[in-house]
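The file target21.cif contains mmCIF, C-alpha atoms:
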```
data_final
#
loop_
_atom_site.label_atom_id
_atom_site.label_comp_id
_atom_site.auth_asym_id
_atom_site.auth_seq_id
_atom_site.Cartn_x
_atom_site.Cartn_y
_atom_site.Cartn_z
CA MET A 1434 182.03 139.46 99.18
CA LYS A 1435 183.12 142.90 97.99
CA ARG A 1436 180.57 145.65 97.84
CA ILE A 1437 180.29 147.05 94.31
CA LEU A 1438 179.37 150.70 93.66
CA LEU A 1439 177.84 151.61 90.30
CA PHE A 1440 178.17 154.92 88.53
CA LEU A 1441 175.99 155.06 85.42
CA VAL A 1442 177.05 157.04 82.40
CA ALA A 1443 174.90 159.77 80.89
CA GLY A 1444 171.66 158.74 79.24
CA VAL A 1445 170.81 155.72 81.40
CA MET A 1446 168.76 157.68 83.91
CA SER A 1447 166.33 158.67 81.14
CA ALA A 1448 165.34 155.02 80.77
CA THR A 1449 163.69 154.90 84.20
CA ILE A 1450 160.11 153.66 84.17
CA ALA A 1451 157.88 155.84 86.35
CA ARG A 1452 155.92 154.38 89.26
CA GLY A 1453 153.22 156.32 91.02
CA ALA A 1454 152.35 156.64 94.65
CA GLY A 1455 149.61 154.07 94.48
CA ILE A 1456 145.80 153.87 94.48
CA ASN A 1457 143.66 152.55 97.29
CA TYR A 1458 141.87 149.50 95.91
CA ASN A 1459 139.52 147.87 98.39
CA GLY A 1460 141.85 148.75 101.23
CA THR A 1461 145.06 147.88 99.41
CA ASN A 1462 147.44 150.61 98.28
CA LEU A 1463 148.52 149.51 94.81
CA GLN A 1464 151.52 150.76 92.90
CA GLU A 1465 150.90 152.29 89.47
CA ASN A 1466 152.44 150.73 86.39
CA THR A 1467 152.87 153.33 83.63
CA GLU A 1468 154.84 151.23 81.15
CA PHE A 1469 151.98 150.49 78.74
CA THR A 1470 150.28 152.52 76.03
CA ARG A 1471 146.81 151.72 74.66
CA THR A 1472 146.01 151.47 70.94
CA GLN A 1473 142.79 150.49 69.19
CA CYS A 1474 143.37 147.74 66.64
CA GLY A 1475 140.85 145.11 65.49
CA THR A 1476 137.17 144.43 66.01
CA ALA A 1477 135.43 141.78 68.10
CA PHE A 1478 132.99 140.04 65.77
CA LYS A 1479 129.59 140.46 67.36
CA ASP A 1480 127.91 139.27 64.17
CA VAL A 1481 129.73 135.94 64.59
CA MET A 1482 129.80 135.71 68.38
CA LYS A 1483 127.31 137.67 70.43
CA GLU A 1484 129.46 137.92 73.55
CA ILE A 1485 133.25 137.59 73.40
CA SER A 1486 134.06 135.95 76.71
CA GLY A 1487 137.66 134.92 76.06
CA MET A 1488 140.66 135.61 73.87
CA ALA A 1489 144.07 133.92 73.60
CA CYS A 1490 147.04 134.49 71.33
CA SER A 1491 147.92 131.78 68.85
CA ARG A 1492 151.27 130.07 69.42
CA THR A 1493 151.16 128.03 66.20
CA THR A 1494 150.53 131.09 64.02
CA PRO A 1495 151.84 134.11 65.98
CA GLY A 1496 150.05 137.40 65.45
CA TYR A 1497 146.51 135.97 65.53
CA LEU A 1498 143.94 135.76 68.31
CA TRP A 1499 141.57 132.93 69.18
CA ALA A 1500 138.22 134.10 70.54
CA HIS A 1501 135.01 132.47 71.74
CA GLY A 1502 131.62 133.48 73.05
CA ASP A 1503 129.68 132.12 76.00
CA GLU A 1504 126.55 131.33 73.98
CA ASN A 1505 127.93 128.02 72.68
CA THR A 1506 124.96 125.68 72.64
CA GLY A 1507 123.77 122.80 70.48
CA SER A 1508 125.62 122.73 67.17
CA ASN A 1509 126.70 126.37 67.51
CA LYS A 1510 129.99 125.59 69.26
CA LYS A 1511 133.01 127.28 67.78
CA ILE A 1512 136.02 129.46 68.25
CA ILE A 1513 137.27 131.95 65.70
CA ALA A 1514 140.70 133.22 64.66
CA ILE A 1515 141.10 136.99 64.33
CA ASN A 1516 143.88 139.08 62.83
CA PRO A 1517 143.90 142.09 65.21
CA ASN A 1518 146.23 144.04 62.95
CA ALA A 1519 144.42 143.57 59.65
CA GLN A 1520 144.33 146.59 57.35
CA SER A 1521 140.62 146.20 56.68
CA LYS A 1522 137.66 144.70 58.51
CA ASN A 1523 137.14 142.18 55.71
CA ASP A 1524 140.53 140.63 56.54
CA GLU A 1525 140.10 140.46 60.33
CA LEU A 1526 138.01 137.28 60.66
CA VAL A 1527 140.32 134.57 59.36
CA MET A 1528 139.11 131.13 60.43
CA THR A 1529 136.29 129.33 62.22
CA VAL A 1530 136.86 126.11 64.21
CA ASN A 1531 133.70 124.10 64.89
CA ILE A 1532 133.84 122.19 68.17
CA SER A 1533 132.41 118.73 68.81
CA GLY A 1534 132.99 115.93 71.32
CA ASP A 1535 132.20 118.00 74.42
CA PRO A 1536 129.70 116.85 77.07
CA GLY A 1537 127.34 119.75 76.36
CA ARG A 1538 128.40 122.03 79.19
CA ASP A 1539 127.69 125.63 78.17
CA ASP A 1540 128.84 128.95 79.66
CA TRP A 1541 132.31 129.06 78.16
CA GLU A 1542 134.13 131.85 79.97
CA ASP A 1543 137.80 131.85 78.99
CA ILE A 1544 140.36 130.44 76.58
CA ALA A 1545 144.13 129.94 76.84
CA THR A 1546 146.98 128.56 74.77
CA GLY A 1547 150.08 126.73 75.93
CA VAL A 1548 152.78 124.18 75.29
CA TYR A 1549 152.86 120.61 76.56
CA GLY A 1550 155.05 117.78 75.29
CA ASN A 1551 156.43 120.07 72.56
CA LYS A 1552 152.94 120.59 71.16
CA ASN A 1553 150.79 123.71 71.14
CA TYR A 1554 147.34 123.38 72.69
CA VAL A 1555 144.16 125.43 72.90
CA PHE A 1556 142.23 125.26 76.20
CA VAL A 1557 138.61 126.36 76.55
CA GLY A 1558 137.09 126.77 80.00
CA ALA A 1559 133.43 125.79 80.46
CA ILE A 1560 133.72 127.17 83.97
CA GLY A 1561 130.97 129.77 84.41
CA ASP A 1562 128.25 129.14 87.00
CA ASN A 1563 126.24 132.26 87.79
CA ASP A 1564 123.51 130.28 89.53
CA LEU A 1565 125.93 127.92 91.34
CA ALA A 1566 124.19 124.93 89.79
CA PHE A 1567 127.04 122.87 88.36
CA ASN A 1568 128.94 121.41 91.30
CA ASP A 1569 131.72 119.12 89.95
CA GLN A 1570 130.54 119.76 86.38
CA TYR A 1571 133.23 122.16 85.25
CA TYR A 1572 135.27 121.37 82.16
CA ILE A 1573 138.43 122.30 80.33
CA TYR A 1574 138.22 121.33 76.66
CA TYR A 1575 141.53 121.01 74.85
CA PHE A 1576 142.92 120.15 71.44
CA GLU A 1577 146.16 120.57 69.55
CA GLU A 1578 146.26 124.04 68.07
CA PRO A 1579 145.88 124.02 64.29
CA ALA A 1580 147.75 126.35 61.98
CA ILE A 1581 145.53 129.31 61.19
CA SER A 1582 144.42 129.59 57.59
CA SER A 1583 141.32 130.88 55.87
CA GLY A 1584 138.13 128.85 55.99
CA THR A 1585 136.56 126.41 58.44
CA GLN A 1586 137.94 123.45 60.35
CA ASN A 1587 136.22 120.84 62.52
CA VAL A 1588 137.82 119.74 65.80
CA THR A 1589 136.87 117.03 68.28
CA VAL A 1590 137.96 118.10 71.74
CA ASN A 1591 139.33 116.20 74.71
CA THR A 1592 137.83 117.00 78.10
CA ILE A 1593 139.03 117.40 81.67
CA ARG A 1594 136.24 117.43 84.22
CA PHE A 1595 137.04 119.09 87.54
CA GLY A 1596 135.63 120.20 90.87
CA TYR A 1597 136.74 122.38 93.76
CA PRO A 1598 138.45 121.22 96.96
CA ASP A 1599 135.45 122.22 99.12
CA ASN A 1600 133.11 120.09 96.93
CA ALA A 1601 130.98 123.20 96.38
CA ALA A 1602 129.88 125.15 93.31
CA HIS A 1603 131.99 128.14 92.22
CA ASN A 1604 131.47 130.83 89.60
CA THR A 1605 134.70 131.57 87.72
CA GLU A 1606 135.63 133.33 84.49
CA THR A 1607 139.44 133.22 84.52
CA LEU A 1608 141.34 130.25 83.08
CA MET A 1609 145.12 130.60 82.65
CA TYR A 1610 147.89 128.20 81.67
CA ASP A 1611 151.45 128.47 82.92
CA ASN A 1612 154.06 127.05 80.53
CA VAL A 1613 156.68 127.00 83.28
CA GLU A 1614 154.78 124.64 85.59
CA GLN A 1615 152.49 123.18 82.89
CA MET A 1616 149.64 124.08 85.16
CA PHE A 1617 146.13 125.49 84.85
CA TYR A 1618 145.27 128.38 87.17
CA ILE A 1619 141.66 129.40 87.86
CA VAL A 1620 140.47 132.46 89.81
CA ASP A 1621 137.20 132.98 91.67
CA LYS A 1622 134.83 135.67 90.43
CA VAL A 1623 133.52 137.48 93.50
CA LYS A 1624 132.19 140.95 94.21
CA SER A 1625 134.43 142.98 96.53
CA GLY A 1626 135.74 139.88 98.25
CA ILE A 1627 138.74 137.64 98.57
CA CYS A 1628 139.47 135.84 95.30
CA HIS A 1629 141.09 132.45 95.58
CA LEU A 1630 143.54 130.96 93.12
CA TYR A 1631 143.26 127.26 92.25
CA LYS A 1632 145.49 125.00 90.19
CA LEU A 1633 145.38 121.73 88.28
CA PRO A 1634 148.32 120.12 86.46
CA PHE A 1635 147.70 119.60 82.76
CA SER A 1636 147.77 115.98 81.64
CA THR A 1637 146.52 114.26 78.50
CA THR A 1638 145.91 111.04 80.45
CA TYR A 1639 143.17 112.05 82.91
CA ASP A 1640 140.29 109.59 83.17
CA THR A 1641 136.65 110.62 82.86
CA GLY A 1642 136.22 111.16 86.60
CA VAL A 1643 136.30 114.44 88.50
CA GLN A 1644 139.76 115.95 88.97
CA ARG A 1645 139.96 117.91 92.20
CA LEU A 1646 141.54 121.38 92.05
CA THR A 1647 144.07 122.41 94.68
CA GLU A 1648 143.58 125.77 96.38
CA VAL A 1649 146.80 127.74 95.97
CA CYS A 1650 146.29 130.93 97.95
CA ALA A 1651 144.13 133.97 98.49
CA LEU A 1652 145.01 136.24 95.60
CA GLY A 1653 147.16 139.21 96.62
CA ASN A 1654 147.63 137.84 100.16
CA GLY A 1655 143.93 138.17 100.94
CA SER A 1656 143.26 141.60 99.45
CA LYS A 1657 139.69 142.19 98.32
CA PHE A 1658 139.43 142.20 94.54
CA ASN A 1659 136.31 142.81 92.51
CA TYR A 1660 134.95 140.55 89.76
CA CYS A 1661 137.98 138.76 88.30
CA THR A 1662 136.67 138.19 84.78
CA GLY A 1663 139.70 137.17 82.73
CA GLY A 1664 143.45 136.80 82.78
CA ASP A 1665 146.52 135.33 81.18
CA ILE A 1666 150.15 134.41 81.85
CA THR A 1667 152.93 135.36 79.45
CA PRO A 1668 154.48 132.52 77.42
CA ASP A 1669 157.70 132.80 79.46
CA GLY A 1670 155.73 132.66 82.72
CA GLN A 1671 157.10 135.94 84.05
CA TRP A 1672 153.93 138.04 84.11
CA MET A 1673 150.36 137.32 85.18
CA ALA A 1674 147.65 139.85 84.34
CA ILE A 1675 144.08 139.65 85.63
CA LYS A 1676 141.07 141.80 84.84
CA SER A 1677 139.54 142.86 88.15
CA LYS A 1678 136.74 145.36 87.55
CA PRO A 1679 137.58 148.12 86.72
CA TYR A 1680 141.35 147.48 86.59
CA VAL A 1681 143.99 145.29 85.00
CA LEU A 1682 146.31 144.01 87.71
CA LEU A 1683 149.83 142.79 87.05
CA TRP A 1684 152.00 140.37 88.99
CA GLU A 1685 155.66 139.62 88.17
CA ARG A 1686 157.22 136.25 88.89
CA GLN A 1687 160.64 136.69 90.46
CA GLY A 1688 163.32 134.19 89.53
CA SER A 1689 162.30 130.56 89.77
CA GLU A 1690 159.55 131.03 92.34
CA SER A 1691 156.22 129.25 91.94
CA LEU A 1692 153.23 131.19 90.71
CA SER A 1693 151.62 130.65 94.11
CA GLN A 1694 154.42 132.74 95.64
CA THR A 1695 153.97 135.38 92.96
CA ALA A 1696 150.21 135.58 93.45
CA GLN A 1697 150.49 136.26 97.17
CA ARG A 1698 152.16 139.62 96.61
CA ASN A 1699 150.18 142.76 95.92
CA PRO A 1700 149.93 143.48 92.19
CA VAL A 1701 150.51 146.75 90.37
CA GLN A 1702 147.78 148.52 88.43
CA VAL A 1703 148.18 149.02 84.67
CA MET A 1704 147.33 152.70 84.38
CA ALA A 1705 146.86 152.68 80.60
CA TYR A 1706 143.92 150.28 80.84
CA GLN A 1707 140.51 151.80 80.20
CA GLU A 1708 137.60 149.64 81.24
CA GLU A 1709 135.38 148.41 78.43
CA GLU A 1710 131.68 147.86 78.91
CA GLN A 1711 131.44 144.35 80.35
CA GLY A 1712 135.13 143.75 79.61
CA GLU A 1713 136.17 140.15 80.23
CA SER A 1714 138.97 139.15 77.84
CA LEU A 1715 142.74 139.52 78.18
CA ALA A 1716 145.45 137.78 76.14
CA TRP A 1717 149.25 138.12 76.25
CA PHE A 1718 151.08 138.05 72.92
CA ASN A 1719 154.48 138.20 74.64
CA ASP A 1720 155.87 139.87 77.74
CA SER A 1721 155.40 143.33 76.19
CA ILE A 1722 151.97 143.23 74.49
CA PHE A 1723 148.52 142.15 75.63
CA TYR A 1724 145.05 142.51 74.11
CA THR A 1725 141.65 143.17 75.66
CA THR A 1726 138.07 143.49 74.45
CA SER A 1727 134.51 143.62 75.74
CA ASP A 1728 131.77 141.05 76.32
CA SER A 1729 129.04 143.56 75.51
CA LYS A 1730 126.51 142.74 72.82
CA SER A 1731 127.36 145.83 70.78
CA ASN A 1732 130.30 145.98 68.40
CA THR A 1733 133.46 146.85 70.28
CA PRO A 1734 137.11 147.29 69.34
CA ILE A 1735 140.03 145.15 70.38
CA TYR A 1736 142.74 147.13 72.14
CA SER A 1737 146.42 146.39 72.34
CA TYR A 1738 148.57 147.48 75.28
CA THR A 1739 152.27 147.79 74.50
CA ARG A 1740 154.99 148.07 77.12
CA ALA A 1741 157.42 150.96 76.68
CA SER A 1742 160.53 149.64 74.99
CA VAL A 1743 163.83 149.67 76.82
CA PRO A 1744 167.16 148.52 75.41
CA SER A 1745 168.24 144.92 75.98
CA SER A 1746 171.43 146.22 77.52
CA LEU A 1747 172.40 149.53 79.06
CA ASP A 1748 175.17 151.92 78.15
CA PRO A 1749 178.55 151.14 79.74
CA VAL A 1750 178.53 151.16 83.53
CA LEU A 1751 181.62 152.23 85.46
CA MET A 1752 182.09 149.81 88.37
CA THR A 1753 184.37 150.57 91.31
CA ASP A 1754 185.12 148.02 94.02
CA GLU A 1755 186.26 148.76 97.57
CA SER A 1756 189.94 148.70 96.62
CA GLY A 1757 189.37 151.48 94.09
CA ARG A 1758 189.75 149.38 90.96
CA LYS A 1759 187.51 150.54 88.15
CA SER A 1760 186.18 148.65 85.18
CA GLU A 1761 183.66 149.45 82.48
CA VAL A 1762 181.07 146.76 81.68
CA ARG A 1763 177.69 146.47 80.02
CA CYS A 1764 174.84 145.39 82.28
CA VAL A 1765 171.59 143.70 81.27
CA LYS A 1766 168.34 145.52 81.99
CA MET A 1767 165.36 143.90 83.68
CA LEU A 1768 161.91 145.08 84.70
CA ARG A 1769 160.45 144.15 88.06
CA ASP A 1770 157.09 145.45 89.24
CA GLY A 1771 157.38 148.35 86.81
CA GLN A 1772 160.86 149.40 87.93
CA LEU A 1773 163.89 149.36 85.66
CA LEU A 1774 166.78 147.46 87.27
CA ILE A 1775 170.20 146.39 86.05
CA LYS A 1776 171.84 143.01 86.43
CA GLN A 1777 175.54 142.29 86.49
CA GLY A 1778 176.41 138.65 87.02
CA ASP A 1779 174.13 137.34 89.76
CA ALA A 1780 173.72 140.77 91.36
CA ILE A 1781 170.76 143.10 90.76
CA TYR A 1782 170.91 146.87 91.31
CA THR A 1783 168.65 149.87 91.07
CA ILE A 1784 169.74 152.35 88.43
CA GLN A 1785 170.98 154.51 91.30
CA GLY A 1786 173.53 151.78 92.08
CA GLN A 1787 171.92 150.27 95.19
CA ARG A 1788 172.27 146.51 95.30
CA ILE A 1789 168.97 144.82 96.10
CA GLN A 1790 169.75 141.18 95.40
#
```
So that I can check it, write out the structure of this file as structure tokens.
Amino acid sequence: MKRILLFLVAGVMSATIARGAGINYNGTNLQENTEFTRTQCGTAFKDVMKEISGMACSRTTPGYLWAHGDENTGSNKKIIAINPNAQSKNDELVMTVNISGDPGRDDWEDIATGVYGNKNYVFVGAIGDNDLAFNDQYYIYYFEEPAISSGTQNVTVNTIRFGYPDNAAHNTETLMYDNVEQMFYIVDKVKSGICHLYKLPFSTTYDTGVQRLTEVCALGNGSKFNYCTGGDITPDGQWMAIKSKPYVLLWERQGSESLSQTAQRNPVQVMAYQEEEQGESLAWFNDSIFYTTSDSKSNTPIYSYTRASVPSSLDPVLMTDESGRKSEVRCVKMLRDGQLLIKQGDAIYTIQGQRIQ
């Protein structure tokens, strides 16, 4: 195979995304991701839900957020739809969905949305267990996602009951759904310890028994992370973000690898993220925007984090092969672990012209 040398025309170098030297996080030297900017947008509705434990972006009605609290007890079980970009506070709270049909398990800690069988679903994780008292009594509630409109709607949920492979109790607050594998991913919440990633395939045909999770790996190849309290996977499956106090950590899936392979690498730290008081929620809108908010009992804003835009293709690239033949082509950009790369055919190069794949 001929070795290709790339000479980029003027202007391309300015598109480079900066990466820092790294921060020591519990013994792991993390790279810094500086692609995102932080903007205050909507408000988490503390008058409706005392503690916002989870948020997820709607797939049926893009632009809206689903949110829930962890105080869902008795008849007070609901999720709400929020417009994070409303022009006034009166327009932010859009819809309330009252939940019934669940087995009464409280401590809802996270929510996700995803696609299965060409249908959009909402998933709510009754997965918290601060006192380690609910062995094999963890639940994922799910229902087809309704279109968001004003008013109130009642929903009867389906349930998936699950337990852990060690048959022990676990306290978790992170429920994610991967559209690529059609798989749930759950992360341990531990203090300054090794967080483990677990998975369970989504199916609408589970019986009422206990489904046993599979342990995937130690997150970040066994690095010590602190209090994983929320996370999400982009709709295209390329990016996984997890809140690990006091950071947001970002993993990028490379090619067609499994998420278990992705999760074993060290993440990068999103430098724009500013920790909220008791911040637990994170929701991807697409691969360029995610939202966060706080679980504190006081009113708190919702923040959006937007990735710096880069063109979908670069300016013409002058390519010279070993025989001296030159040709001018346009190459597609791609981002990997915060670094801008260019792709030509099946080959991937740094913007300096070094082939890396």
What residues come out when you apply the PyMOL selection byres ((chain A and resi 1603) around 8) to this file, written as a PDB file with C-alpha atoms, in the frame of the given file?
```
ATOM      1  CA  ASP A1562     128.250 129.140  87.000  1.00  0.00           C
ATOM      2  CA  LEU A1565     125.930 127.920  91.340  1.00  0.00           C
ATOM      3  CA  ASN A1568     128.940 121.410  91.300  1.00  0.00           C
ATOM      4  CA  TYR A1597     136.740 122.380  93.760  1.00  0.00           C
ATOM      5  CA  ALA A1601     130.980 123.200  96.380  1.00  0.00           C
ATOM      6  CA  ALA A1602     129.880 125.150  93.310  1.00  0.00           C
ATOM      7  CA  ASN A1604     131.470 130.830  89.600  1.00  0.00           C
ATOM      8  CA  THR A1605     134.700 131.570  87.720  1.00  0.00           C
ATOM      9  CA  ASP A1621     137.200 132.980  91.670  1.00  0.00           C
TER      10      ASP A1621
END
```
Using only C-alpha atoms, find each residue in region 1486-1520 of chain A having at least one atom no more than 10 Å away from region 1606-1609 of chain A; report its shortest atom-to-atom pair and that distance in Å (one decimal), rows by chain then rising number, as JSON lines.
```
{"residue": "A:Ser1486", "atom": "CA", "partner": "A:Glu1606", "partner_atom": "CA", "distance": 8.4}
{"residue": "A:Gly1487", "atom": "CA", "partner": "A:Thr1607", "partner_atom": "CA", "distance": 8.8}
{"residue": "A:Ala1489", "atom": "CA", "partner": "A:Met1609", "partner_atom": "CA", "distance": 9.7}
```
May I have the residues within 9 Å of Cys1474 (chain A) as a compact mmCIF listing (two decimals) with C-alpha atoms, in the frame of the given file, using all atoms listed in the file and disregarding those fewer than 3 positions away in the same chain?
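Below you can see result_25.txt, which holds the result:
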```txt
# COMPACT_ATOMS: atom_id res chain seq x y z
CA PRO A 1517 143.90 142.09 65.21
CA ASN A 1518 146.23 144.04 62.95
CA ALA A 1519 144.42 143.57 59.65
CA PRO A 1734 137.11 147.29 69.34
CA ILE A 1735 140.03 145.15 70.38
CA TYR A 1736 142.74 147.13 72.14
CA SER A 1737 146.42 146.39 72.34
```
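With distances taken over all atoms listed in the file, A:Gly1502 is the one residue among A:Thr1529, A:Gly1502, A:Thr1494, A:Thr1585 lying closest to Val1557 (chain A).
Note that the spacing between CA of Tyr1738 (chain A) and CA of Arg1471 (chain A) amounts to 4.6 Å.
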Pick the closest to Gly1655 (chain A) from A:Val1527, A:Ser1636, A:Gly1626, A:Ile1781: which is it, counting only C-alpha atoms?
-> A:Gly1626
May I ask which of the residues A:Gln1644, A:Ser1721, A:Cys1650, A:Gln1697 is the closest one to Trp1672 (chain A), counting all atoms listed in the file?
->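 Closest candidate: A:Ser1721.
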Find the residue from A:Phe1617, A:Tyr1574, A:Tyr1680, A:Phe1723 that sits nearest to Glu1709 (chain A); use only C-alpha atoms when measuring.
->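 The shortest atom-to-atom distance to Glu1709 (chain A) comes from A:Tyr1680.
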List the neighbours of Thr1695 (chain A) out to 8 Å using only C-alpha atoms; skip same-chain residues closer than 6 positions along the sequence, and give me the result as a list in words.
-> Trp1684, Glu1685, Arg1686 and Gln1687 of chain A
For region 1653-1673 of chain A, which lacks atoms in the input, supply N, CA, C and O atoms and format the output as a PDB file, in the coordinates of the input.
```
ATOM      1  N   GLY A1653     146.677 137.965  96.038  1.00  0.00           N
ATOM      2  CA  GLY A1653     147.160 139.210  96.620  1.00  0.00           C
ATOM      3  C   GLY A1653     147.194 139.182  98.137  1.00  0.00           C
ATOM      4  O   GLY A1653     146.978 140.199  98.797  1.00  0.00           O
ATOM      5  N   ASN A1654     147.493 137.990  98.705  1.00  0.00           N
ATOM      6  CA  ASN A1654     147.630 137.840 100.160  1.00  0.00           C
ATOM      7  C   ASN A1654     146.347 138.230 100.890  1.00  0.00           C
ATOM      8  O   ASN A1654     146.369 138.779 101.988  1.00  0.00           O
ATOM      9  N   GLY A1655     145.208 137.948 100.275  1.00  0.00           N
ATOM     10  CA  GLY A1655     143.930 138.170 100.940  1.00  0.00           C
ATOM     11  C   GLY A1655     143.319 139.531 100.719  1.00  0.00           C
ATOM     12  O   GLY A1655     142.341 139.883 101.377  1.00  0.00           O
ATOM     13  N   SER A1656     143.875 140.318  99.782  1.00  0.00           N
ATOM     14  CA  SER A1656     143.260 141.600  99.450  1.00  0.00           C
ATOM     15  C   SER A1656     141.893 141.361  98.801  1.00  0.00           C
ATOM     16  O   SER A1656     141.644 140.316  98.229  1.00  0.00           O
ATOM     17  N   LYS A1657     141.022 142.336  98.887  1.00  0.00           N
ATOM     18  CA  LYS A1657     139.690 142.190  98.320  1.00  0.00           C
ATOM     19  C   LYS A1657     139.680 142.728  96.892  1.00  0.00           C
ATOM     20  O   LYS A1657     139.843 143.925  96.660  1.00  0.00           O
ATOM     21  N   PHE A1658     139.494 141.814  95.929  1.00  0.00           N
ATOM     22  CA  PHE A1658     139.430 142.200  94.540  1.00  0.00           C
ATOM     23  C   PHE A1658     137.991 142.040  94.044  1.00  0.00           C
ATOM     24  O   PHE A1658     137.201 141.282  94.614  1.00  0.00           O
ATOM     25  N   ASN A1659     137.686 142.722  92.958  1.00  0.00           N
ATOM     26  CA  ASN A1659     136.310 142.810  92.510  1.00  0.00           C
ATOM     27  C   ASN A1659     136.140 142.181  91.138  1.00  0.00           C
ATOM     28  O   ASN A1659     136.736 142.638  90.165  1.00  0.00           O
ATOM     29  N   TYR A1660     135.336 141.128  91.045  1.00  0.00           N
ATOM     30  CA  TYR A1660     134.950 140.550  89.760  1.00  0.00           C
ATOM     31  C   TYR A1660     136.151 140.250  88.864  1.00  0.00           C
ATOM     32  O   TYR A1660     136.406 140.935  87.875  1.00  0.00           O
ATOM     33  N   CYS A1661     136.901 139.212  89.179  1.00  0.00           N
ATOM     34  CA  CYS A1661     137.980 138.760  88.300  1.00  0.00           C
ATOM     35  C   CYS A1661     137.333 138.056  87.111  1.00  0.00           C
ATOM     36  O   CYS A1661     136.755 136.976  87.263  1.00  0.00           O
ATOM     37  N   THR A1662     137.433 138.662  85.935  1.00  0.00           N
ATOM     38  CA  THR A1662     136.670 138.190  84.780  1.00  0.00           C
ATOM     39  C   THR A1662     137.536 137.678  83.638  1.00  0.00           C
ATOM     40  O   THR A1662     136.999 137.282  82.602  1.00  0.00           O
ATOM     41  N   GLY A1663     138.828 137.675  83.785  1.00  0.00           N
ATOM     42  CA  GLY A1663     139.700 137.170  82.730  1.00  0.00           C
ATOM     43  C   GLY A1663     141.149 137.400  83.110  1.00  0.00           C
ATOM     44  O   GLY A1663     141.457 138.241  83.948  1.00  0.00           O
ATOM     45  N   GLY A1664     142.033 136.631  82.499  1.00  0.00           N
ATOM     46  CA  GLY A1664     143.450 136.800  82.780  1.00  0.00           C
ATOM     47  C   GLY A1664     144.298 135.918  81.890  1.00  0.00           C
ATOM     48  O   GLY A1664     143.789 135.083  81.145  1.00  0.00           O
ATOM     49  N   ASP A1665     145.599 136.115  81.988  1.00  0.00           N
ATOM     50  CA  ASP A1665     146.520 135.330  81.180  1.00  0.00           C
ATOM     51  C   ASP A1665     147.907 135.422  81.792  1.00  0.00           C
ATOM     52  O   ASP A1665     148.207 136.341  82.560  1.00  0.00           O
ATOM     53  N   ILE A1666     148.754 134.464  81.419  1.00  0.00           N
ATOM     54  CA  ILE A1666     150.150 134.410  81.850  1.00  0.00           C
ATOM     55  C   ILE A1666     151.009 134.463  80.601  1.00  0.00           C
ATOM     56  O   ILE A1666     150.699 133.808  79.594  1.00  0.00           O
ATOM     57  N   THR A1667     152.069 135.246  80.624  1.00  0.00           N
ATOM     58  CA  THR A1667     152.930 135.360  79.450  1.00  0.00           C
ATOM     59  C   THR A1667     153.549 134.012  79.107  1.00  0.00           C
ATOM     60  O   THR A1667     153.720 133.155  79.978  1.00  0.00           O
ATOM     61  N   PRO A1668     153.900 133.807  77.824  1.00  0.00           N
ATOM     62  CA  PRO A1668     154.480 132.520  77.420  1.00  0.00           C
ATOM     63  C   PRO A1668     155.716 132.123  78.225  1.00  0.00           C
ATOM     64  O   PRO A1668     155.951 130.937  78.459  1.00  0.00           O
ATOM     65  N   ASP A1669     156.509 133.128  78.670  1.00  0.00           N
ATOM     66  CA  ASP A1669     157.700 132.800  79.460  1.00  0.00           C
ATOM     67  C   ASP A1669     157.401 132.653  80.937  1.00  0.00           C
ATOM     68  O   ASP A1669     158.289 132.356  81.733  1.00  0.00           O
ATOM     69  N   GLY A1670     156.139 132.851  81.337  1.00  0.00           N
ATOM     70  CA  GLY A1670     155.730 132.660  82.720  1.00  0.00           C
ATOM     71  C   GLY A1670     156.083 133.783  83.652  1.00  0.00           C
ATOM     72  O   GLY A1670     155.824 133.684  84.856  1.00  0.00           O
ATOM     73  N   GLN A1671     156.613 134.895  83.163  1.00  0.00           N
ATOM     74  CA  GLN A1671     157.100 135.940  84.050  1.00  0.00           C
ATOM     75  C   GLN A1671     155.996 136.857  84.552  1.00  0.00           C
ATOM     76  O   GLN A1671     156.076 137.376  85.664  1.00  0.00           O
ATOM     77  N   TRP A1672     154.963 137.067  83.754  1.00  0.00           N
ATOM     78  CA  TRP A1672     153.930 138.040  84.110  1.00  0.00           C
ATOM     79  C   TRP A1672     152.552 137.395  84.092  1.00  0.00           C
ATOM     80  O   TRP A1672     152.211 136.644  83.193  1.00  0.00           O
ATOM     81  N   MET A1673     151.762 137.711  85.105  1.00  0.00           N
ATOM     82  CA  MET A1673     150.360 137.320  85.180  1.00  0.00           C
ATOM     83  C   MET A1673     149.526 138.587  85.243  1.00  0.00           C
ATOM     84  O   MET A1673     149.780 139.463  86.077  1.00  0.00           O
TER      85      MET A1673
END
```
